[in-house]
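What follows is start-v6.pdb (PDB, C-alpha atoms).
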MODEL        1
ATOM      1  CA  LEU A   1     105.067  89.242 116.645
ATOM      2  CA  TYR A   2     103.753  92.772 116.546
ATOM      3  CA  THR A   3     101.034  93.862 114.153
ATOM      4  CA  LEU A   4     101.867  97.303 112.894
ATOM      5  CA  ARG A   5      99.334  99.238 110.887
ATOM      6  CA  ALA A   6     100.402 102.218 108.863
ATOM      7  CA  GLY A   7      98.971 105.533 109.924
ATOM      8  CA  GLY A   8      98.397 106.239 106.237
ATOM      9  CA  THR A   9      98.878 104.783 102.794
ATOM     10  CA  THR A  10     102.614 105.045 102.083
ATOM     11  CA  PRO A  11     105.758 103.154 103.130
ATOM     12  CA  TYR A  12     106.803 106.351 104.915
ATOM     13  CA  ASP A  13     103.815 105.974 107.248
ATOM     14  CA  VAL A  14     105.102 102.568 108.364
ATOM     15  CA  LEU A  15     108.737 103.671 108.628
ATOM     16  CA  LYS A  16     107.699 106.704 110.701
ATOM     17  CA  ALA A  17     106.441 104.332 113.398
ATOM     18  CA  PHE A  18     110.099 103.655 114.309
ATOM     19  CA  GLU A  19     111.026 107.298 114.814
ATOM     20  CA  SER A  20     112.289 108.010 118.346
ATOM     21  CA  SER A  21     109.300 110.251 119.095
ATOM     22  CA  ALA A  22     106.714 107.664 117.960
ATOM     23  CA  THR A  23     104.197 106.147 120.376
ATOM     24  CA  PRO A  24     104.495 103.339 121.302
ATOM     25  CA  SER A  25     108.261 103.676 121.352
ATOM     26  CA  LEU A  26     109.644 100.896 119.151
ATOM     27  CA  MET A  27     113.174 102.226 118.670
ATOM     28  CA  GLN A  28     115.383 105.063 119.917
ATOM     29  CA  ASN A  29     118.017 105.827 117.301
ATOM     30  CA  THR A  30     119.066 109.321 116.207
ATOM     31  CA  SER A  31     120.772 107.980 113.045
ATOM     32  CA  TYR A  32     117.485 106.428 111.940
ATOM     33  CA  ASP A  33     115.617 109.646 112.771
ATOM     34  CA  SER A  34     118.062 111.656 110.637
ATOM     35  CA  ALA A  35     117.709 109.243 107.709
ATOM     36  CA  LEU A  36     113.917 109.377 108.021
ATOM     37  CA  HIS A  37     113.890 113.191 108.050
ATOM     38  CA  SER A  38     116.136 113.365 104.968
ATOM     39  CA  LEU A  39     114.164 110.740 103.030
ATOM     40  CA  ASN A  40     113.949 111.271  99.244
ATOM     41  CA  PHE A  41     110.627 109.384  99.025
ATOM     42  CA  ASP A  42     111.887 107.022  96.357
ATOM     43  CA  LEU A  43     112.229 103.246  96.310
ATOM     44  CA  SER A  44     115.943 103.329  97.078
ATOM     45  CA  SER A  45     115.422 105.486 100.179
ATOM     46  CA  TYR A  46     112.627 103.239 101.426
ATOM     47  CA  ARG A  47     114.838 100.185 100.953
ATOM     48  CA  ASN A  48     117.713 101.838 102.824
ATOM     49  CA  LEU A  49     115.509 102.561 105.832
ATOM     50  CA  GLU A  50     114.041  99.075 105.680
ATOM     51  CA  SER A  51     117.609  97.676 105.680
ATOM     52  CA  PHE A  52     118.442  99.864 108.661
ATOM     53  CA  LEU A  53     115.597  98.220 110.596
ATOM     54  CA  LEU A  54     116.645  94.746 109.463
ATOM     55  CA  ASP A  55     120.286  95.331 110.430
ATOM     56  CA  ALA A  56     119.207  96.577 113.846
ATOM     57  CA  CYS A  57     117.104  93.396 114.277
ATOM     58  CA  ILE A  58     114.152  95.601 115.172
ATOM     59  CA  PHE A  59     111.522  94.634 112.674
ATOM     60  CA  TYR A  60     111.034  92.652 109.529
ATOM     61  CA  PRO A  61     108.657  94.727 107.419
ATOM     62  CA  ILE A  62     106.663  92.907 104.809
ATOM     63  CA  PHE A  63     105.538  94.983 101.840
ATOM     64  CA  ARG A  64     103.658  93.848  98.780
ATOM     65  CA  ASP A  65     103.719  95.641  95.474
ATOM     66  CA  ASN A  66     100.121  94.719  94.694
ATOM     67  CA  THR A  67      97.171  93.571  96.725
ATOM     68  CA  TYR A  68      94.149  92.037  95.075
ATOM     69  CA  PHE A  69      90.632  91.600  96.416
ATOM     70  CA  VAL A  70      88.088  89.491  94.596
ATOM     71  CA  THR A  71      84.371  89.237  95.254
ATOM     72  CA  ASN A  72      81.538  87.298  93.755
ATOM     73  CA  PRO A  73      79.790  89.273  90.951
ATOM     74  CA  ASN A  74      76.535  89.018  92.937
ATOM     75  CA  VAL A  75      77.977  90.846  95.959
ATOM     76  CA  ARG A  76      77.668  94.617  96.388
ATOM     77  CA  GLY A  77      78.702  97.150  99.030
ATOM     78  CA  ILE A  78      82.053  95.731 100.173
ATOM     79  CA  THR A  79      84.660  98.487 100.274
ATOM     80  CA  VAL A  80      88.427  98.405 100.744
ATOM     81  CA  SER A  81      90.158 101.465 102.191
ATOM     82  CA  PRO A  82      93.696 102.553 101.195
ATOM     83  CA  ASP A  83      95.118 101.006 104.394
ATOM     84  CA  LEU A  84      93.619  97.656 103.220
ATOM     85  CA  GLY A  85      90.833  97.594 105.797
ATOM     86  CA  VAL A  86      87.763  95.813 104.448
ATOM     87  CA  ASN A  87      84.309  97.138 105.337
ATOM     88  CA  PHE A  88      81.435  94.670 105.131
ATOM     89  CA  SER A  89      78.820  96.869 106.842
ATOM     90  CA  GLN A  90      76.998  97.628 103.555
ATOM     91  CA  ALA A  91      77.543  94.201 101.984
ATOM     92  CA  ARG A  92      74.601  92.751 100.081
ATOM     93  CA  LYS A  93      74.167  89.698  97.895
ATOM     94  CA  LYS A  94      71.844  89.698  94.919
ATOM     95  CA  PRO A  95      69.263  86.918  94.999
TER      96      PRO A  95
ENDMDL
END
Using structure tokens, write down the structure from this file.
Amino acid sequence: LYTLRAGGTTPYDVLKAFESSATPSLMQNTSYDSALHSLNFDLSSYRNLESFLLDACIFYPIFRDNTYFVTNPNVRGITVSPDLGVNFSQARKKP
């Protein structure tokens, strides 16, 4: 298993990690690179690139349409960044 974090907040950011010039090098495939560079940035294009990775047995990406975070109403200062990192450094609980 390999944990892959997006370098940003879009599916493109994850798919870009498989480009031949990416570091670390996860795949070397000029057909994939061409498809990535001609991406239409729509759901169909994302699915096609995801299928490319699946067919090549490189990676099984797991995407979720929605992510939910729930906290107790007495808790303050917990923040969630767009890449789904959770920051507890300012967390406080009301007495």
| Expected selection from the PyMOL selection byres ((chain A and resi 71) around 12), given as an NGL selection string | :A and (68-70 or 72-80 or 86 or 88 or 91-93)
| Could you work out how far CA of Pro11 in chain A lies from CA of Ser89 in chain A, giving the answer in Å with one decimal? |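 Separation of CA of Ser89 in chain A and CA of Pro11 in chain A: 27.9 Å.
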| field | Best match for closeness to Asn40 in chain A among A:Tyr12, A:Leu53, A:Asn87, A:Gln28, counting all atoms listed in the file | value | A:Tyr12
| query | With all atoms listed in the file as the basis for distance, which of A:Thr9, A:Ser38, A:Thr23, A:Ser31 is at the shortest distance from Phe52 in chain A? | reply | A:Ser31
| query | So how far away is CA of Leu15 in chain A from CA of Asn48 in chain A, in Å? | reply | 10.8 Å
| request: Give me, please, the distance in Å between CA of Cys57 in chain A and CA of Met27 in chain A, quoted to one decimal. | output: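 Rounded to one decimal, the two atoms are 10.6 Å apart.
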| Do you know which residues are at most 12 Å from Ala22 in chain A counting all atoms listed in the file, after dropping those on the same chain fewer than 6 positions away, and could you put them as an MDAnalysis selection string? | chainID A and resid 7 13:16 28:29 33
